[in-house]
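Chemist: The structure is given below, and queries will be raised subsequently.
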Amino acid sequence: MDITSDTHSQHISKQFNQELEELKTHLMTMGGQVEKQVQDAVTALLESDSRLGERVSDDDKAVNEMQLKIDDECTRILARRQPAASDLRLVLAVIRATSDLERIGDEASKIARNAVALSEAGNGPKGLVEVRHISEHVRKMVRDSLTAFARFDIDLALQVVHEDDAVDSEYTSAMRSLMTFMMEDPRSITSVLSVMWVLRALERVGDHANNLAEHVIYLVKGLDIRHIDPDELDEDALKGSS
Amino acid sequence: MLMADASPTPATLHEIVRDIPSTDRCFEIEDLTIAYGDKTALSGLSLHVPRHRVTAFIGPSGCGKSTLLRAFNRLHDLNEDVARQGRIVLEGQEIHAPEVDVADLRRRVGMVFQTPNPFPMSIYENVAFGLRLQAALPKRRRDEVIEWALESAALWDEVKHRLHESALLLSGGQQQRLVIARTLAVQPEVVLLDEPASALDPISTLKIEELIRNLKSHLTLVLVTHNMQQAARVSDYTAFLEEGELIEYGATDTVFTNPRLARTENYITGRTD
């Protein structure tokens with residue numbers, strides 16, 4: 001059966017309702033923090049703000065701590081409540097989601113480190129247009145996948161899954177342009193390489209957002225679509241009642 | 001966004017049997033209705049129990065799961081107020097057919113109850129009891145069968161040096177395994193277990209569960225339990241009953257991770273409707 005965002009607040013045990021509610025809240029707080037990290041890292045790069053870049057790396061510690069805390073809550077629920085059905089799927093989805101969020105945080109730190117390096121090297125690097133474009137795209141994916149998680153929204157999750165292909169092709173074409181820059185001006189190689197690392201990190205953020213959306217589908221429908229090509233998904237079956 | 005399935009329909013016979021090919025069915029229940037006086041305990045229930053598997057019946061008190069279990073070896077015959085309609089077929093034969101010998105049916109379909117009920121006699125005599133009723137075996141042969149039954153019930157090592165002591169001196173868990181040995185001694189095809197571990201401590205419970213797992217290599221087991229985790233741990237198939245109807249029946253893996261209907265989900269996860 002499909003579940004909705006209030007499915008987890010209908011247990012006879014009010015305390016269990018509360019535990020699951022808190023778990024979701026903590027995941028959303030971690031998601032918000034990670035979203036901000038990505039945004040700050042990209043801003044630091046685009047605006048050559050090395051101080052902002054350094055702060056992103058510091059924020060990563062807080063995100064890591066959140067991951068440990070949420071994992072701990074999940075362990076406790078598994079041990080004490082032995083959840084089944086949609087409760088079990090919620091706990092599993094949250095464990096998987098925290099792992100993806102933590103990695104998005106790591107990618108944001110990589111972007112921030114490159115932002116600091118580029119800012120210290122001076123002269124604005126090439127490829128920032130591509131960075132801006134792809135970063136907007138993947139940040140929307142992260143935001144949508146978190147919204148889909150909060151609302152148990154399959155339609156939005158599926159939309160994110162399809163976005164990932166678009167990001168991958170934008171990434172490929174951006175890399176091609178950057179190669180051209182390097183060939184045209186060998187003195188730009190160091191800075192363009194840094195931008196390439198940034199693009200690579202953004203592309204990975206998109207992959208993790210895609211994973212988050214897949215966890216939402218698992219949570220709501222009980223279907224694991226992690227290794228299925230998005231084009232081969234039977235969306236009507238997914239959207240219809242199981 | 002999507003909402004929960006608004007109009008769940010009880011699983012149809014067709015869906016239930018899809019996974020269990022006709023050659024693998026031990027019991028075939030068709031359109032079974034049982035009433036105690038004017039109170040209907042089961043209404044029009046159909047399901048197939050697969051051979052050499054563990055099938056668990058779960059559901060709230062009064063849902064009809066024990067009534068269903070007791071129908072499998074005609075225990076209701078002992079109660080004159082019980083009215084039955086529908087068919088119960090065991091290995092191709094309707095168990096209510098006139099040529100069926102009820103005593104033989106109950107040998108083939110043994111039963112273990114919630115409270116261990118050893119007879120007030122020795123451990124040996126408890127297991128020998130059914131055997132003596134059944135056939136006159138030479139003592140040597142009888143001793144072999146008793147050892148085999150106690151071995152199968154994972155009790156032999158604990159009692160082999162005290163076979164002639166009273167069975168009432170055994171612990172609750174040992175008594176329950178003794179009762180299982182007594183059931184196994186007459187070589188049944190099916191063992192029905194009605195809350196077999198609910199009066200036992202966790203270690204004894206795990207021993208019974210391990211025993212159930214081992215027995216399914218040559219027996220069909222049907223388990224009624226209020227303990228959801230127990231159903232999840234030991235059974236291959238789970239049937240959820242509510243108010244005398246079969247609500248959902250399927251592979252235990254599916255029922256406990258992604259049940260088809262909201263009523264099942266609510267019951268196994270402890271939610272109110």
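Identifiers in the structure tokens: chain A, B, ... in order shown; residue index from 1 per chain; ligand index from 1 in order shown.
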Do a neighbour search on stretch 132-145 of chain A at 7 Å with only C-alpha atoms, toss out local chain neighbours closer than 3 positions, and write the hits as a ChimeraX atom specification.

Modeler: /A:35,128-129,148-149,156-157,160,167,202,205-206,209,212-213

Chemist: Any idea what's packed within 9 Å of A:Arg96, counting only C-alpha atoms, ignoring anything in its chain fewer than 5 positions away? Could you give it as an MDAnalysis selection string?

Modeler: chainID A and resid 91 101 211:212 215

Chemist: If you take only C-alpha atoms and a cut-off of 8 Å, which residues of chain A touch chain B, and what are their nearest atom pairs and distances in Å to one decimal, in chain and number order, as JSON lines?

Modeler:
```
{"residue": "A:Met1", "atom": "CA", "partner": "B:Arg260", "partner_atom": "CA", "distance": 4.8}
{"residue": "A:Asp2", "atom": "CA", "partner": "B:Ala4", "partner_atom": "CA", "distance": 4.8}
{"residue": "A:Ile3", "atom": "CA", "partner": "B:Ala4", "partner_atom": "CA", "distance": 5.2}
{"residue": "A:Thr4", "atom": "CA", "partner": "B:Met3", "partner_atom": "CA", "distance": 6.0}
{"residue": "A:Gln10", "atom": "CA", "partner": "B:Arg271", "partner_atom": "CA", "distance": 5.3}
{"residue": "A:His11", "atom": "CA", "partner": "B:Arg271", "partner_atom": "CA", "distance": 3.9}
{"residue": "A:Ile12", "atom": "CA", "partner": "B:Arg271", "partner_atom": "CA", "distance": 5.2}
{"residue": "A:Ser13", "atom": "CA", "partner": "B:Gly270", "partner_atom": "CA", "distance": 7.6}
{"residue": "A:Gln82", "atom": "CA", "partner": "B:Gln229", "partner_atom": "CA", "distance": 7.8}
{"residue": "A:Pro83", "atom": "CA", "partner": "B:Thr269", "partner_atom": "CA", "distance": 6.9}
{"residue": "A:Ala84", "atom": "CA", "partner": "B:Phe256", "partner_atom": "CA", "distance": 5.6}
{"residue": "A:Ala85", "atom": "CA", "partner": "B:Thr257", "partner_atom": "CA", "distance": 4.0}
{"residue": "A:Ser86", "atom": "CA", "partner": "B:Asn258", "partner_atom": "CA", "distance": 6.8}
{"residue": "A:Asp87", "atom": "CA", "partner": "B:Thr269", "partner_atom": "CA", "distance": 7.2}
{"residue": "A:Leu88", "atom": "CA", "partner": "B:Thr257", "partner_atom": "CA", "distance": 7.1}
{"residue": "A:Arg89", "atom": "CA", "partner": "B:Thr257", "partner_atom": "CA", "distance": 7.3}
{"residue": "A:Arg151", "atom": "CA", "partner": "B:Met1", "partner_atom": "CA", "distance": 8.0}
{"residue": "A:Phe152", "atom": "CA", "partner": "B:Met1", "partner_atom": "CA", "distance": 7.6}
{"residue": "A:Asp153", "atom": "CA", "partner": "B:Met1", "partner_atom": "CA", "distance": 5.2}
{"residue": "A:Ile154", "atom": "CA", "partner": "B:Met1", "partner_atom": "CA", "distance": 6.6}
{"residue": "A:Asp155", "atom": "CA", "partner": "B:Met1", "partner_atom": "CA", "distance": 6.7}
{"residue": "A:Lys221", "atom": "CA", "partner": "B:Asn258", "partner_atom": "CA", "distance": 7.9}
{"residue": "A:Gly222", "atom": "CA", "partner": "B:Asn258", "partner_atom": "CA", "distance": 5.8}
{"residue": "A:Lys239", "atom": "CA", "partner": "B:Leu2", "partner_atom": "CA", "distance": 7.3}
{"residue": "A:Ser241", "atom": "CA", "partner": "B:Asp5", "partner_atom": "CA", "distance": 6.1}
{"residue": "A:Ser242", "atom": "CA", "partner": "B:Arg260", "partner_atom": "CA", "distance": 7.0}
```

Chemist: List as an NGL selection string the protein and nucleic acid residues near stretch 159-167 of chain B, meaning an atom at most 8 Å away when only C-alpha atoms are counted, but skip any in the same chain fewer than 4 places from it.

Modeler: :B and (118-126 or 155 or 175)

Chemist: Tell me, as a ChimeraX atom specification, which residues lie within 9 Å of B:Gly44, counting only C-alpha atoms; anything in the same chain fewer than 5 positions away does not count.

Modeler: /B:30-34,85-86,244-246

Chemist: Which of stretch 38-273 of chain B counts as alpha helix (DSSP H) under DSSP, as a PyMOL selection string please?

Modeler: chain B and resi 65-71+102-108+123-134+139-152+156-159+172-185+202-215+228-234+252-257+262-269

Chemist: In terms of the shortest atom-to-atom distance over only C-alpha atoms, which of A:Asn114, A:Ser177, A:Gln33, A:Ser119 is closest to A:Asp59?

Modeler: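 With only C-alpha atoms as the atom set, the closest residue is A:Gln33.
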
Chemist: Can you pull out the residues contacting B:Ala154? Cut-off 9 Å, using only C-alpha atoms, and skip same-chain residues under 6 positions away; I want them as a ChimeraX atom specification.

Modeler: /B:177,181,207-208,211

Chemist: State, in Å with one decimal place, the distance from atom CA of A:Ser191 to atom CA of A:Arg55.

Modeler: 21.5 Å

Chemist: Nearest residue to A:Glu65 out of A:Asp49, A:Arg81, A:Asn17, A:Ser99, using only C-alpha atoms?

Modeler: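 With only C-alpha atoms as the atom set, the closest residue is A:Ser99.
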
Chemist: I need the residues of stretch 68-263 of chain B that end up classed as strand (DSSP E) by DSSP on the backbone, written out as a PDB file with C-alpha atoms, in the first residue's frame.

Modeler:
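Output file out25.pdb is given in full below:
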```pdb
ATOM      1  CA  VAL B  82     -20.387 -25.607  15.808  1.00  0.00           C
ATOM      2  CA  ALA B  83     -21.795 -25.359  12.296  1.00  0.00           C
ATOM      3  CA  ARG B  84     -19.497 -25.624   9.294  1.00  0.00           C
ATOM      4  CA  GLN B  85     -19.820 -25.023   5.571  1.00  0.00           C
ATOM      5  CA  GLY B  86     -17.167 -25.233   2.894  1.00  0.00           C
ATOM      6  CA  ARG B  87     -14.355 -27.618   2.057  1.00  0.00           C
ATOM      7  CA  ILE B  88     -11.080 -28.540   3.730  1.00  0.00           C
ATOM      8  CA  VAL B  89      -8.952 -30.722   1.505  1.00  0.00           C
ATOM      9  CA  LEU B  90      -5.817 -32.417   2.826  1.00  0.00           C
ATOM     10  CA  GLN B  93      -8.926 -35.575   0.118  1.00  0.00           C
ATOM     11  CA  GLU B  94     -11.841 -33.761   1.752  1.00  0.00           C
ATOM     12  CA  VAL B 109      -2.391 -33.576  11.532  1.00  0.00           C
ATOM     13  CA  GLY B 110      -0.953 -33.156  15.030  1.00  0.00           C
ATOM     14  CA  MET B 111      -1.533 -30.218  17.293  1.00  0.00           C
ATOM     15  CA  VAL B 112       0.492 -28.387  19.922  1.00  0.00           C
ATOM     16  CA  VAL B 190       1.264 -31.586   9.441  1.00  0.00           C
ATOM     17  CA  VAL B 191       1.815 -30.009  12.847  1.00  0.00           C
ATOM     18  CA  LEU B 192      -0.536 -27.249  13.962  1.00  0.00           C
ATOM     19  CA  LEU B 193       0.907 -24.918  16.586  1.00  0.00           C
ATOM     20  CA  ASP B 194      -1.449 -22.672  18.543  1.00  0.00           C
ATOM     21  CA  THR B 220       4.045 -28.809   6.975  1.00  0.00           C
ATOM     22  CA  LEU B 221       3.688 -26.405   9.880  1.00  0.00           C
ATOM     23  CA  VAL B 222       0.871 -23.997  10.597  1.00  0.00           C
ATOM     24  CA  LEU B 223       1.434 -21.505  13.364  1.00  0.00           C
ATOM     25  CA  VAL B 224      -0.992 -19.215  15.144  1.00  0.00           C
ATOM     26  CA  TYR B 237       3.859 -17.356   4.406  1.00  0.00           C
ATOM     27  CA  THR B 238       1.689 -15.129   6.553  1.00  0.00           C
ATOM     28  CA  ALA B 239      -2.089 -14.859   6.563  1.00  0.00           C
ATOM     29  CA  PHE B 240      -3.703 -11.883   8.276  1.00  0.00           C
ATOM     30  CA  LEU B 241      -7.249 -12.447   9.533  1.00  0.00           C
ATOM     31  CA  GLU B 242      -9.649  -9.915  10.940  1.00  0.00           C
ATOM     32  CA  GLU B 245     -12.156 -12.898   7.108  1.00  0.00           C
ATOM     33  CA  LEU B 246      -8.868 -13.436   5.367  1.00  0.00           C
ATOM     34  CA  ILE B 247      -7.575  -9.933   4.708  1.00  0.00           C
ATOM     35  CA  GLU B 248      -4.163 -10.561   3.214  1.00  0.00           C
ATOM     36  CA  TYR B 249      -2.108 -13.663   2.522  1.00  0.00           C
ATOM     37  CA  GLY B 250       1.326 -13.734   1.004  1.00  0.00           C
ATOM     38  CA  ALA B 251       5.032 -14.348   1.370  1.00  0.00           C
TER      39      ALA B 251
END
```

Chemist: Give me, as a PyMOL selection string, all polymer residues having an atom no more than 9 Å from stretch 197-200 of chain A, counting only C-alpha atoms and skipping those fewer than 6 positions away in the same chain.

Modeler: chain A and resi 42+107-108+110-112+114-115+130-131+134-135+171+174-175

Chemist: Identify which of the residues B:Leu137, B:Ala197, B:Ile180, B:Ala71 lies closest to B:Ser152, counting only C-alpha atoms when measuring atom-to-atom distances.

Modeler: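 So, comparing all the options, the nearest one is B:Ile180.
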
Chemist: Quick one: residues within 9 Å of B:Asn227, only C-alpha atoms, excluding same-chain residues fewer than 5 positions away - as a list in words?

Modeler: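 Returned residues: Ile58, Glu195, Ser198 and Ala232 of chain B.
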